[in-house]
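J.: Take this structure first; my questions come after.
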Amino acid sequence: MWASGDYPALAREVISELGPVLAAAAGTGPGQRVLDVAAGSGNAAVPAAVTGADVVACDLAPELFADGRRRAAEAGVGVTWVEADAEGLPFDDGEFDAVMSCVGVMFAPHHAASAAELLRVCRPGGTLALLSWTPAGFVGQLFATMKPYAPPPPAGAQPPPLWGDEAHVRALLGDGAEVLTAERRTLRVDRFAARGAFREYFASHYGPTISVYRAVAGDAARVAALDAALDDLAARSTGADGAMEWEYLLLTARRSGAPASTGTGTATGTGTGAAPATS
């Protein structure tokens, strides 16, 4: 799904501001080993590397890495790219000083498994930094709008925007980390003022939206209904100045001293393991 369309372009053109925000919240810098989980094309990994950190970026869709490598080269930094499932990370317990994810890990279907892995690979006293779309914000509403047209989710899957609910994330982390900050912020998006512009862009760039359109492609009436629903959502969410405000939760936490190892190095759930690292 994430390899369809052009998510790297969306990351550059629409949400590029989020990466530096997350890297700053994670406190990345020289001498730190940092893991960006579900990193995509490196929207947060590259800014973290610019601070001098030793950064590993992992994602289940390695097709996104080519753009990430270009971004890193343009920034004059090195990032290690690893194909990996957020529900079964191929890293040692406590390997990283900081573990972060920018609207990424929220899309792994089994939240408890992913959270356990984030905790496991972060050293005691290390930092967790998560940036996630909220349920009530624009992207959360987008998923609610697409849900009636979407194919069934995997068994046991939870809605991605729940990662934007502070109480949900606190419950996932449990005693494994102390939440330090949890702040709702908004990203200003001002490129979709014309009616239909948002729908057309996301239907050609954003994997989840592409997937939904494919699911109804054989039914012209449902395609038209989905078109109208997305156009209406965008219209309701666009201010008089032609801009939208997309809400997200920025949460940081300190890893506790208690280990969160599963004992096997792989979380329970549907994790499929990982391929070797690529630079």
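Each chain in the structure tokens gets a letter, A, B and so on, in the order shown; residues start at 1 in every chain, and ligands are counted from 1 in the order they appear.
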Select from stretch 128-195 of chain A every residue with an atom at most 9 Å from any atom of stretch 11-31 of chain A, then for each give the shortest pair of atoms and their distance in Å to one decimal, using only C-alpha atoms, rows by chain and rising number, as a Markdown table.

T.:
```
| residue | atom | partner | partner_atom | distance |
| --- | --- | --- | --- | --- |
| A:Leu128 | CA | A:Ala26 | CA | 6.8 |
| A:Ala129 | CA | A:Ala26 | CA | 5.3 |
| A:Leu130 | CA | A:Leu22 | CA | 7.2 |
| A:Leu131 | CA | A:Leu22 | CA | 6.6 |
| A:Leu187 | CA | A:Ile15 | CA | 7.7 |
| A:Val189 | CA | A:Val14 | CA | 6.7 |
| A:Asp190 | CA | A:Val14 | CA | 8.8 |
| A:Arg191 | CA | A:Val14 | CA | 8.0 |
```

J.: How about saving the chosen residues, all heavy atoms kept, as an mmCIF file, in the first residue's frame?

T.:
```cif
data_model
loop_
_atom_site.group_PDB
_atom_site.id
_atom_site.type_symbol
_atom_site.label_atom_id
_atom_site.label_comp_id
_atom_site.auth_asym_id
_atom_site.auth_seq_id
_atom_site.Cartn_x
_atom_site.Cartn_y
_atom_site.Cartn_z
ATOM 1 N N LEU A 128 11.722 8.204 23.921
ATOM 2 C CA LEU A 128 10.745 7.855 22.897
ATOM 3 C C LEU A 128 10.081 9.152 22.445
ATOM 4 O O LEU A 128 9.687 9.972 23.289
ATOM 5 C CB LEU A 128 9.680 6.908 23.441
ATOM 6 C CG LEU A 128 10.122 5.514 23.884
ATOM 7 C CD1 LEU A 128 8.954 4.791 24.552
ATOM 8 C CD2 LEU A 128 10.623 4.713 22.698
ATOM 9 N N ALA A 129 9.951 9.341 21.145
ATOM 10 C CA ALA A 129 9.296 10.538 20.617
ATOM 11 C C ALA A 129 8.372 10.107 19.478
ATOM 12 O O ALA A 129 8.818 9.489 18.508
ATOM 13 C CB ALA A 129 10.329 11.541 20.119
ATOM 14 N N LEU A 130 7.099 10.420 19.627
ATOM 15 C CA LEU A 130 6.082 9.949 18.682
ATOM 16 C C LEU A 130 5.228 11.114 18.206
ATOM 17 O O LEU A 130 4.749 11.920 19.023
ATOM 18 C CB LEU A 130 5.188 8.900 19.349
ATOM 19 C CG LEU A 130 5.910 7.703 19.964
ATOM 20 C CD1 LEU A 130 4.940 6.867 20.793
ATOM 21 C CD2 LEU A 130 6.557 6.855 18.878
ATOM 22 N N LEU A 131 5.028 11.190 16.909
ATOM 23 C CA LEU A 131 4.171 12.217 16.323
ATOM 24 C C LEU A 131 3.100 11.490 15.523
ATOM 25 O O LEU A 131 3.409 10.748 14.584
ATOM 26 C CB LEU A 131 5.000 13.156 15.432
ATOM 27 C CG LEU A 131 4.341 14.448 14.976
ATOM 28 C CD1 LEU A 131 5.404 15.503 14.632
ATOM 29 C CD2 LEU A 131 3.415 14.244 13.781
ATOM 30 N N LEU A 187 -0.578 21.265 11.976
ATOM 31 C CA LEU A 187 0.223 21.540 10.785
ATOM 32 C C LEU A 187 -0.647 22.335 9.822
ATOM 33 O O LEU A 187 -1.739 21.894 9.453
ATOM 34 C CB LEU A 187 0.659 20.230 10.130
ATOM 35 C CG LEU A 187 1.343 20.361 8.760
ATOM 36 C CD1 LEU A 187 2.736 20.979 8.918
ATOM 37 C CD2 LEU A 187 1.429 18.996 8.071
ATOM 38 N N VAL A 189 -1.691 23.500 6.309
ATOM 39 C CA VAL A 189 -1.587 22.988 4.942
ATOM 40 C C VAL A 189 -2.397 23.914 4.047
ATOM 41 O O VAL A 189 -3.619 24.025 4.200
ATOM 42 C CB VAL A 189 -2.119 21.545 4.847
ATOM 43 C CG1 VAL A 189 -2.069 21.045 3.408
ATOM 44 C CG2 VAL A 189 -1.326 20.621 5.762
ATOM 45 N N ASP A 190 -1.723 24.568 3.104
ATOM 46 C CA ASP A 190 -2.406 25.601 2.314
ATOM 47 C C ASP A 190 -2.347 25.357 0.804
ATOM 48 O O ASP A 190 -2.398 26.296 0.014
ATOM 49 C CB ASP A 190 -1.837 26.984 2.634
ATOM 50 C CG ASP A 190 -0.348 27.098 2.335
ATOM 51 O OD1 ASP A 190 0.238 26.107 1.824
ATOM 52 O OD2 ASP A 190 0.239 28.160 2.601
ATOM 53 N N ARG A 191 -2.291 24.095 0.382
ATOM 54 C CA ARG A 191 -2.162 23.798 -1.041
ATOM 55 C C ARG A 191 -3.410 23.162 -1.643
ATOM 56 O O ARG A 191 -3.395 22.762 -2.816
ATOM 57 C CB ARG A 191 -0.955 22.901 -1.294
ATOM 58 C CG ARG A 191 -0.991 21.570 -0.597
ATOM 59 C CD ARG A 191 0.217 20.732 -0.994
ATOM 60 N NE ARG A 191 0.222 20.377 -2.389
ATOM 61 C CZ ARG A 191 1.254 20.485 -3.217
ATOM 62 N NH1 ARG A 191 2.393 20.952 -2.769
ATOM 63 N NH2 ARG A 191 1.177 20.127 -4.469
#
```

J.: Name all residues at most 8 Å from A:Ser114 (count only C-alpha atoms; drop same-chain ones fewer than 2 positions away) and give them as a list in words.

T.: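 Using only C-alpha atoms, the neighbours found are Ala86, Glu87, Gly88, Val105, Ala108, His110, His111, Ala112, Ala116, Glu117, Leu118 and Ala267 of chain A.
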
J.: Might you pull out every residue within 12 Å of A:Phe202, with only C-alpha atoms counted and same-chain residues fewer than 2 positions away left off, and present them as a ChimeraX atom specification?

T.: /A:4-7,9-11,14,139,142,146,192,196-200,204-213,227,230-231,234

J.: One decimal, in Å: what's the spacing between atom CA of A:Glu63 and atom CA of A:Cys122?

T.: 26.0 Å

J.: Apply DSSP to the structure's backbone, then extract all residues of stretch 4-238 of chain A labelled strand (DSSP E or B) and return them as a ChimeraX atom specification.

T.: /A:33-37,54-59,80-85,88,96-102,122-133,177-189

J.: How many Å lie between atom CA of A:Asp232 and atom CA of A:Pro151, rounded to one decimal?

T.: 21.6 Å

J.: Restricting the calculation to only C-alpha atoms, which member of A:Leu251, A:Val55, A:Leu64, A:Val216 is positioned closest to A:Tyr149?

T.: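 Closest residue, counting only C-alpha atoms: A:Val216.
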
J.: Please measure the separation of atom CA of A:Ala253 and atom CA of A:Pro124, giving the value in Å to one decimal.

T.: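 Computing the Euclidean distance for atom CA of A:Ala253 and atom CA of A:Pro124 yields 11.2 Å.
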
J.: If you count only C-alpha atoms, which residues fall within 10 Å of stretch 65-78 of chain A, apart from same-chain ones fewer than 4 positions away, as a list in words?

T.: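 Selected residues are Tyr7, Pro8, Ala9, Arg12, Ala39, Gly40, Ser41, Gly42, Asn43, Ala45, Val46, Pro47, Ala48, Ala49, Val50, Thr51, Gly52, Ala53, Asp54, Val55, Val56, Ala57, Cys58, Asp59, Ala61, Val82, Glu83, Thr278 and Ser279 of chain A.
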
J.: Show which residues sit within 10 Å of A:Phe138, as a PDB file with all heavy atoms, in the first residue's frame. Count only C-alpha atoms, and ignore same-chain residues fewer than 2 positions away.

T.:
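What ended up in result06.pdb:
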```
ATOM      1  N   TRP A 133      -1.179  11.507  13.994  1.00  0.00           N
ATOM      2  CA  TRP A 133      -2.432  12.221  13.703  1.00  0.00           C
ATOM      3  C   TRP A 133      -3.471  11.872  14.760  1.00  0.00           C
ATOM      4  O   TRP A 133      -3.557  10.728  15.202  1.00  0.00           O
ATOM      5  CB  TRP A 133      -2.966  11.842  12.326  1.00  0.00           C
ATOM      6  CG  TRP A 133      -2.043  12.095  11.180  1.00  0.00           C
ATOM      7  CD1 TRP A 133      -1.562  11.171  10.294  1.00  0.00           C
ATOM      8  CD2 TRP A 133      -1.509  13.354  10.759  1.00  0.00           C
ATOM      9  NE1 TRP A 133      -0.751  11.768   9.363  1.00  0.00           N
ATOM     10  CE2 TRP A 133      -0.695  13.105   9.623  1.00  0.00           C
ATOM     11  CE3 TRP A 133      -1.629  14.664  11.226  1.00  0.00           C
ATOM     12  CZ2 TRP A 133      -0.006  14.117   8.945  1.00  0.00           C
ATOM     13  CZ3 TRP A 133      -0.933  15.681  10.562  1.00  0.00           C
ATOM     14  CH2 TRP A 133      -0.149  15.408   9.441  1.00  0.00           C
ATOM     15  N   THR A 134      -4.275  12.831  15.186  1.00  0.00           N
ATOM     16  CA  THR A 134      -5.285  12.597  16.216  1.00  0.00           C
ATOM     17  C   THR A 134      -6.596  12.099  15.600  1.00  0.00           C
ATOM     18  O   THR A 134      -6.893  12.363  14.438  1.00  0.00           O
ATOM     19  CB  THR A 134      -5.571  13.882  17.002  1.00  0.00           C
ATOM     20  OG1 THR A 134      -6.159  14.855  16.122  1.00  0.00           O
ATOM     21  CG2 THR A 134      -4.301  14.453  17.616  1.00  0.00           C
ATOM     22  N   PRO A 135      -7.413  11.403  16.389  1.00  0.00           N
ATOM     23  CA  PRO A 135      -8.707  10.936  15.880  1.00  0.00           C
ATOM     24  C   PRO A 135      -9.629  12.070  15.446  1.00  0.00           C
ATOM     25  O   PRO A 135     -10.358  11.947  14.450  1.00  0.00           O
ATOM     26  CB  PRO A 135      -9.299  10.169  17.066  1.00  0.00           C
ATOM     27  CG  PRO A 135      -8.124   9.747  17.875  1.00  0.00           C
ATOM     28  CD  PRO A 135      -7.131  10.870  17.736  1.00  0.00           C
ATOM     29  N   ALA A 136      -9.611  13.176  16.191  1.00  0.00           N
ATOM     30  CA  ALA A 136     -10.525  14.268  15.892  1.00  0.00           C
ATOM     31  C   ALA A 136      -9.978  15.240  14.852  1.00  0.00           C
ATOM     32  O   ALA A 136     -10.724  16.074  14.332  1.00  0.00           O
ATOM     33  CB  ALA A 136     -10.860  15.039  17.169  1.00  0.00           C
ATOM     34  N   GLY A 140      -7.498  12.097  11.002  1.00  0.00           N
ATOM     35  CA  GLY A 140      -8.377  11.151  11.677  1.00  0.00           C
ATOM     36  C   GLY A 140      -9.753  11.135  11.037  1.00  0.00           C
ATOM     37  O   GLY A 140     -10.352  10.066  10.823  1.00  0.00           O
ATOM     38  N   GLN A 141     -10.276  12.309  10.692  1.00  0.00           N
ATOM     39  CA  GLN A 141     -11.560  12.399  10.012  1.00  0.00           C
ATOM     40  C   GLN A 141     -11.484  11.812   8.604  1.00  0.00           C
ATOM     41  O   GLN A 141     -12.465  11.233   8.111  1.00  0.00           O
ATOM     42  CB  GLN A 141     -12.019  13.848   9.943  1.00  0.00           C
ATOM     43  CG  GLN A 141     -12.362  14.458  11.296  1.00  0.00           C
ATOM     44  CD  GLN A 141     -12.793  15.901  11.169  1.00  0.00           C
ATOM     45  OE1 GLN A 141     -13.721  16.223  10.431  1.00  0.00           O
ATOM     46  NE2 GLN A 141     -12.103  16.786  11.880  1.00  0.00           N
ATOM     47  N   LEU A 142     -10.330  11.958   7.960  1.00  0.00           N
ATOM     48  CA  LEU A 142     -10.145  11.359   6.638  1.00  0.00           C
ATOM     49  C   LEU A 142     -10.326   9.844   6.710  1.00  0.00           C
ATOM     50  O   LEU A 142     -11.026   9.244   5.879  1.00  0.00           O
ATOM     51  CB  LEU A 142      -8.749  11.700   6.104  1.00  0.00           C
ATOM     52  CG  LEU A 142      -8.285  10.931   4.862  1.00  0.00           C
ATOM     53  CD1 LEU A 142      -9.175  11.235   3.666  1.00  0.00           C
ATOM     54  CD2 LEU A 142      -6.820  11.252   4.557  1.00  0.00           C
ATOM     55  N   PHE A 143      -9.713   9.211   7.706  1.00  0.00           N
ATOM     56  CA  PHE A 143      -9.843   7.756   7.827  1.00  0.00           C
ATOM     57  C   PHE A 143     -11.274   7.358   8.180  1.00  0.00           C
ATOM     58  O   PHE A 143     -11.771   6.330   7.699  1.00  0.00           O
ATOM     59  CB  PHE A 143      -8.837   7.211   8.841  1.00  0.00           C
ATOM     60  CG  PHE A 143      -7.476   7.013   8.240  1.00  0.00           C
ATOM     61  CD1 PHE A 143      -6.557   8.053   8.212  1.00  0.00           C
ATOM     62  CD2 PHE A 143      -7.129   5.814   7.653  1.00  0.00           C
ATOM     63  CE1 PHE A 143      -5.312   7.886   7.619  1.00  0.00           C
ATOM     64  CE2 PHE A 143      -5.889   5.634   7.061  1.00  0.00           C
ATOM     65  CZ  PHE A 143      -4.978   6.674   7.044  1.00  0.00           C
ATOM     66  N   ALA A 144     -11.942   8.151   8.992  1.00  0.00           N
ATOM     67  CA  ALA A 144     -13.339   7.864   9.298  1.00  0.00           C
ATOM     68  C   ALA A 144     -14.203   7.999   8.044  1.00  0.00           C
ATOM     69  O   ALA A 144     -15.141   7.213   7.840  1.00  0.00           O
ATOM     70  CB  ALA A 144     -13.832   8.808  10.394  1.00  0.00           C
ATOM     71  N   THR A 186      -0.880  21.673  15.502  1.00  0.00           N
ATOM     72  CA  THR A 186      -1.467  21.586  14.164  1.00  0.00           C
ATOM     73  C   THR A 186      -0.425  21.908  13.103  1.00  0.00           C
ATOM     74  O   THR A 186       0.490  22.714  13.320  1.00  0.00           O
ATOM     75  CB  THR A 186      -2.659  22.541  13.995  1.00  0.00           C
ATOM     76  OG1 THR A 186      -2.241  23.885  14.245  1.00  0.00           O
ATOM     77  CG2 THR A 186      -3.789  22.168  14.927  1.00  0.00           C
ATOM     78  N   LEU A 233     -15.396  16.772   3.054  1.00  0.00           N
ATOM     79  CA  LEU A 233     -14.497  16.841   4.206  1.00  0.00           C
ATOM     80  C   LEU A 233     -13.480  17.963   4.019  1.00  0.00           C
ATOM     81  O   LEU A 233     -13.248  18.765   4.936  1.00  0.00           O
ATOM     82  CB  LEU A 233     -13.768  15.506   4.388  1.00  0.00           C
ATOM     83  CG  LEU A 233     -12.635  15.501   5.420  1.00  0.00           C
ATOM     84  CD1 LEU A 233     -13.170  15.769   6.820  1.00  0.00           C
ATOM     85  CD2 LEU A 233     -11.877  14.180   5.376  1.00  0.00           C
ATOM     86  N   ALA A 234     -12.866  18.028   2.852  1.00  0.00           N
ATOM     87  CA  ALA A 234     -11.876  19.074   2.593  1.00  0.00           C
ATOM     88  C   ALA A 234     -12.499  20.460   2.671  1.00  0.00           C
ATOM     89  O   ALA A 234     -11.907  21.390   3.237  1.00  0.00           O
ATOM     90  CB  ALA A 234     -11.230  18.844   1.229  1.00  0.00           C
ATOM     91  N   ARG A 236     -15.168  21.417   4.392  1.00  0.00           N
ATOM     92  CA  ARG A 236     -15.485  21.737   5.792  1.00  0.00           C
ATOM     93  C   ARG A 236     -14.245  22.104   6.583  1.00  0.00           C
ATOM     94  O   ARG A 236     -14.319  22.831   7.580  1.00  0.00           O
ATOM     95  CB  ARG A 236     -16.175  20.557   6.485  1.00  0.00           C
ATOM     96  CG  ARG A 236     -17.531  20.182   5.953  1.00  0.00           C
ATOM     97  CD  ARG A 236     -18.256  19.257   6.929  1.00  0.00           C
ATOM     98  NE  ARG A 236     -17.464  18.111   7.347  1.00  0.00           N
ATOM     99  CZ  ARG A 236     -17.440  16.944   6.715  1.00  0.00           C
ATOM    100  NH1 ARG A 236     -18.158  16.785   5.600  1.00  0.00           N
ATOM    101  NH2 ARG A 236     -16.717  15.941   7.179  1.00  0.00           N
ATOM    102  N   SER A 237     -13.112  21.573   6.171  1.00  0.00           N
ATOM    103  CA  SER A 237     -11.873  21.723   6.938  1.00  0.00           C
ATOM    104  C   SER A 237     -10.997  22.863   6.441  1.00  0.00           C
ATOM    105  O   SER A 237      -9.937  23.111   7.018  1.00  0.00           O
ATOM    106  CB  SER A 237     -11.069  20.417   6.877  1.00  0.00           C
ATOM    107  OG  SER A 237     -11.849  19.329   7.330  1.00  0.00           O
ATOM    108  N   MET A 244      -5.849  24.568   5.667  1.00  0.00           N
ATOM    109  CA  MET A 244      -6.335  23.594   6.639  1.00  0.00           C
ATOM    110  C   MET A 244      -5.372  23.550   7.821  1.00  0.00           C
ATOM    111  O   MET A 244      -4.200  23.907   7.690  1.00  0.00           O
ATOM    112  CB  MET A 244      -6.388  22.187   6.027  1.00  0.00           C
ATOM    113  CG  MET A 244      -7.261  22.016   4.825  1.00  0.00           C
ATOM    114  SD  MET A 244      -7.093  20.293   4.219  1.00  0.00           S
ATOM    115  CE  MET A 244      -8.219  20.332   2.820  1.00  0.00           C
ATOM    116  N   GLU A 245      -5.878  23.083   8.948  1.00  0.00           N
ATOM    117  CA  GLU A 245      -5.049  22.827  10.130  1.00  0.00           C
ATOM    118  C   GLU A 245      -5.197  21.347  10.478  1.00  0.00           C
ATOM    119  O   GLU A 245      -6.283  20.912  10.852  1.00  0.00           O
ATOM    120  CB  GLU A 245      -5.481  23.703  11.302  1.00  0.00           C
ATOM    121  CG  GLU A 245      -5.352  25.206  11.053  1.00  0.00           C
ATOM    122  CD  GLU A 245      -3.906  25.678  11.020  1.00  0.00           C
ATOM    123  OE1 GLU A 245      -3.032  24.957  11.555  1.00  0.00           O
ATOM    124  OE2 GLU A 245      -3.667  26.771  10.480  1.00  0.00           O
ATOM    125  N   TRP A 246      -4.113  20.589  10.314  1.00  0.00           N
ATOM    126  CA  TRP A 246      -4.140  19.148  10.580  1.00  0.00           C
ATOM    127  C   TRP A 246      -3.565  18.898  11.964  1.00  0.00           C
ATOM    128  O   TRP A 246      -2.383  19.113  12.216  1.00  0.00           O
ATOM    129  CB  TRP A 246      -3.326  18.399   9.525  1.00  0.00           C
ATOM    130  CG  TRP A 246      -3.885  18.494   8.131  1.00  0.00           C
ATOM    131  CD1 TRP A 246      -4.948  19.230   7.712  1.00  0.00           C
ATOM    132  CD2 TRP A 246      -3.386  17.809   6.975  1.00  0.00           C
ATOM    133  NE1 TRP A 246      -5.156  19.060   6.368  1.00  0.00           N
ATOM    134  CE2 TRP A 246      -4.219  18.195   5.880  1.00  0.00           C
ATOM    135  CE3 TRP A 246      -2.333  16.926   6.751  1.00  0.00           C
ATOM    136  CZ2 TRP A 246      -4.008  17.709   4.589  1.00  0.00           C
ATOM    137  CZ3 TRP A 246      -2.125  16.447   5.466  1.00  0.00           C
ATOM    138  CH2 TRP A 246      -2.958  16.828   4.398  1.00  0.00           C
ATOM    139  N   GLU A 247      -4.388  18.406  12.875  1.00  0.00           N
ATOM    140  CA  GLU A 247      -3.968  18.219  14.264  1.00  0.00           C
ATOM    141  C   GLU A 247      -3.164  16.932  14.441  1.00  0.00           C
ATOM    142  O   GLU A 247      -3.493  15.899  13.863  1.00  0.00           O
ATOM    143  CB  GLU A 247      -5.191  18.174  15.175  1.00  0.00           C
ATOM    144  CG  GLU A 247      -4.840  18.119  16.659  1.00  0.00           C
ATOM    145  CD  GLU A 247      -6.067  18.055  17.543  1.00  0.00           C
ATOM    146  OE1 GLU A 247      -6.795  17.031  17.480  1.00  0.00           O
ATOM    147  OE2 GLU A 247      -6.305  19.028  18.294  1.00  0.00           O
ATOM    148  N   TYR A 248      -2.137  17.016  15.281  1.00  0.00           N
ATOM    149  CA  TYR A 248      -1.350  15.838  15.643  1.00  0.00           C
ATOM    150  C   TYR A 248      -0.977  15.904  17.115  1.00  0.00           C
ATOM    151  O   TYR A 248      -1.023  16.966  17.746  1.00  0.00           O
ATOM    152  CB  TYR A 248      -0.092  15.717  14.782  1.00  0.00           C
ATOM    153  CG  TYR A 248       0.900  16.860  14.885  1.00  0.00           C
ATOM    154  CD1 TYR A 248       1.907  16.859  15.849  1.00  0.00           C
ATOM    155  CD2 TYR A 248       0.861  17.942  13.994  1.00  0.00           C
ATOM    156  CE1 TYR A 248       2.834  17.892  15.939  1.00  0.00           C
ATOM    157  CE2 TYR A 248       1.782  18.977  14.067  1.00  0.00           C
ATOM    158  CZ  TYR A 248       2.761  18.948  15.038  1.00  0.00           C
ATOM    159  OH  TYR A 248       3.677  19.978  15.126  1.00  0.00           O
TER     160      TYR A 248
END
```

J.: Could you tell me, as a VMD selection string, which residues of stretch 9-208 of chain A DSSP assigns to alpha helix (DSSP H) when given the backbone?

T.: chain A and resid 9 to 13 18 to 26 45 to 50 65 to 75 111 to 121 138 to 146 166 to 173 197 to 205 207 to 208

J.: Name the closest residue to A:Ala194 among the candidates A:Asp241, A:Glu178, A:Asp97, A:Asp36; distances are taken between atoms, counting only C-alpha atoms.

T.: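 Distance minimum relative to A:Ala194 lands on A:Asp241.
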
J.: Hey, which of A:Ser132, A:Thr238, A:Ser101, A:Thr145 ends up closest to A:Leu162? Count only C-alpha atoms.

T.: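 Ranked by minimum distance to A:Leu162, first place goes to A:Ser132.
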